[in-house]
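Please read the structure below before turning to the comments.
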Amino acid sequence: MIQEVYIPKNSQLRQIIRFLYYGEFTNENSFAGTTAIFPNATTNLTVVLDHGIDFNQSQLDNAIYATCSSTVLMDTQVGSSFMSAQFNSYGMYFLTGTPVDEVQDNLMPLHYFFKESAIRRLREQLKSATSLEARFRKLECFLLETIQPPEVDPRLPFGVSMINRDPNLKMDDLSAALCLTNRGMQKLFKKYVGMSPAYFKKIKRFNHAAKTLLEQPDVPLTSTALNCGYYDQAHFIKDFKHFGQITPSHFLKLRMKSSDFYNYNLKEMENLTP
């Protein structure tokens, strides 16, 4: 599989978009087939360039998958290629102006947000571009022309960064740091992130644990669980199965390279011994 990541040059755009991405499934030994994608509480705008891609058995052409908070199944074929813009955890609101908890985990066509003529023109430009760099520049220009980068409430990036840094962060400490009541903090996160700060923390802790498993596969599961902020190994396994639909031990057996776009292939999963 070919994968390339591009960080937007525009500083305002970087307030709400983490990166742009190009993916292409190139041969029978790649990740073509059904692949499980772990939730990471981000929103992805996707333009399919060649062949079809299915998300949870729904055809993805040009669409937005909003605030992913549960595992997604992606079906592809050799030759499939696409480009994406991954919004950060609170970027979705500035695209739609709609409270994000109302659209969480929804797959929505791009024409809900942009003119169909603009989408067709963008796809043609991306397909005809002669290099990946040119494709990334075209997608960035489209986003700059169609989205007015906002002035982001500084409490959002600060609160998100606190949760990312500390898997053991207490919600009362977060509330005090943001100078908000617990209720005010709940409203802020649900409106802009799509979920409560406690649930957002659980997703981020799960992602941290999955990355730790890949980087430190020989560390006992109990040690990994405690280091990642879980009460014990049983709590860790329960949470991992909830978000990843796989046990930590099975995930370790797969030994797949970690990515924001794929995590394990279901064909490989079928070959694992209990």
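Labels for the structure tokens follow display order: chains A, B, ..., residues from 1 in each chain, ligands from 1.
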
Go through segment 26-127 of chain A and flag each residue having an atom no more than 10 Å from segment 160-166 of chain A; for those, report the closest pair of atoms plus their distance in Å to one decimal, using only C-alpha atoms, ordered by chain and rising number, as CSV.
```
residue,atom,partner,partner_atom,distance
A:Asn88,CA,A:Val160,CA,9.8
A:Ser89,CA,A:Val160,CA,7.9
A:Tyr90,CA,A:Val160,CA,8.9
```

Name the residues of segment 3-207 of chain A that fall into helix (DSSP H, G or I) according to DSSP on the backbone, using the chain letters and numbers of this document, as number ranges by chain. A: 13-15, 91-96, 100-102, 110-112, 116-128, 132-146, 155-165, 171-177, 182-192, 197-207

What separates atom CA of Ser131 of chain A and atom CA of Thr46 of chain A is a distance of 18.5 Å

Separation of atom CA of Phe136 of chain A from atom CA of Arg121 of chain A, in Å and rounded to one decimal: 14.8 Å

Using only C-alpha atoms, determine which residues lie at most 10 Å from Phe113 of chain A, disregarding the query and same-chain residues fewer than 6 positions distant; provide the list as a ChimeraX atom specification. /A:63-64,95-96,119,146-147

Would you list, as a ChimeraX atom specification, the residues of segment 3-225 of chain A that end up in strand (DSSP E or B) under DSSP run on this structure's backbone? /A:3-6,17-24,33-37,43-50,53-55,58-60,62-65,72-76,81-87,107-109

May I ask for the distance between atom CA of Glu133 of chain A and atom CA of Val47 of chain A, given in Å to one decimal place? 16.2 Å

How close does each residue of segment 167-229 of chain A get to segment 251-254 of chain A, giving the shortest atom pair and distance in Å to one decimal for every residue with an atom at most 8 Å away, counting only C-alpha atoms, sorted by chain and residue number, as a Markdown table?
```
| residue | atom | partner | partner_atom | distance |
| --- | --- | --- | --- | --- |
| A:Leu213 | CA | A:Leu252 | CA | 6.7 |
| A:Leu214 | CA | A:Leu252 | CA | 6.9 |
| A:Pro217 | CA | A:Leu252 | CA | 6.7 |
```

Residue selection dump (all heavy atoms) as a PDB file, in the first residue's frame:
```
ATOM      1  N   LEU A 213       1.360  -1.231  22.673  1.00  0.00           N
ATOM      2  CA  LEU A 213       1.470  -2.665  22.390  1.00  0.00           C
ATOM      3  C   LEU A 213       2.389  -2.923  21.202  1.00  0.00           C
ATOM      4  O   LEU A 213       3.199  -3.861  21.218  1.00  0.00           O
ATOM      5  CB  LEU A 213       0.085  -3.255  22.105  1.00  0.00           C
ATOM      6  CG  LEU A 213      -0.835  -3.514  23.289  1.00  0.00           C
ATOM      7  CD1 LEU A 213      -2.196  -3.983  22.806  1.00  0.00           C
ATOM      8  CD2 LEU A 213      -0.227  -4.560  24.221  1.00  0.00           C
ATOM      9  N   LEU A 214       2.270  -2.106  20.171  1.00  0.00           N
ATOM     10  CA  LEU A 214       3.087  -2.290  18.981  1.00  0.00           C
ATOM     11  C   LEU A 214       4.546  -1.922  19.228  1.00  0.00           C
ATOM     12  O   LEU A 214       5.457  -2.562  18.700  1.00  0.00           O
ATOM     13  CB  LEU A 214       2.526  -1.453  17.825  1.00  0.00           C
ATOM     14  CG  LEU A 214       1.194  -1.944  17.272  1.00  0.00           C
ATOM     15  CD1 LEU A 214       0.585  -0.910  16.344  1.00  0.00           C
ATOM     16  CD2 LEU A 214       1.366  -3.261  16.524  1.00  0.00           C
ATOM     17  N   PRO A 217       6.015  -4.861  22.407  1.00  0.00           N
ATOM     18  CA  PRO A 217       5.246  -6.114  22.382  1.00  0.00           C
ATOM     19  C   PRO A 217       5.646  -7.130  23.442  1.00  0.00           C
ATOM     20  O   PRO A 217       4.866  -8.027  23.763  1.00  0.00           O
ATOM     21  CB  PRO A 217       5.517  -6.657  20.970  1.00  0.00           C
ATOM     22  CG  PRO A 217       6.835  -6.051  20.587  1.00  0.00           C
ATOM     23  CD  PRO A 217       6.846  -4.696  21.202  1.00  0.00           C
TER      24      PRO A 217
END
```
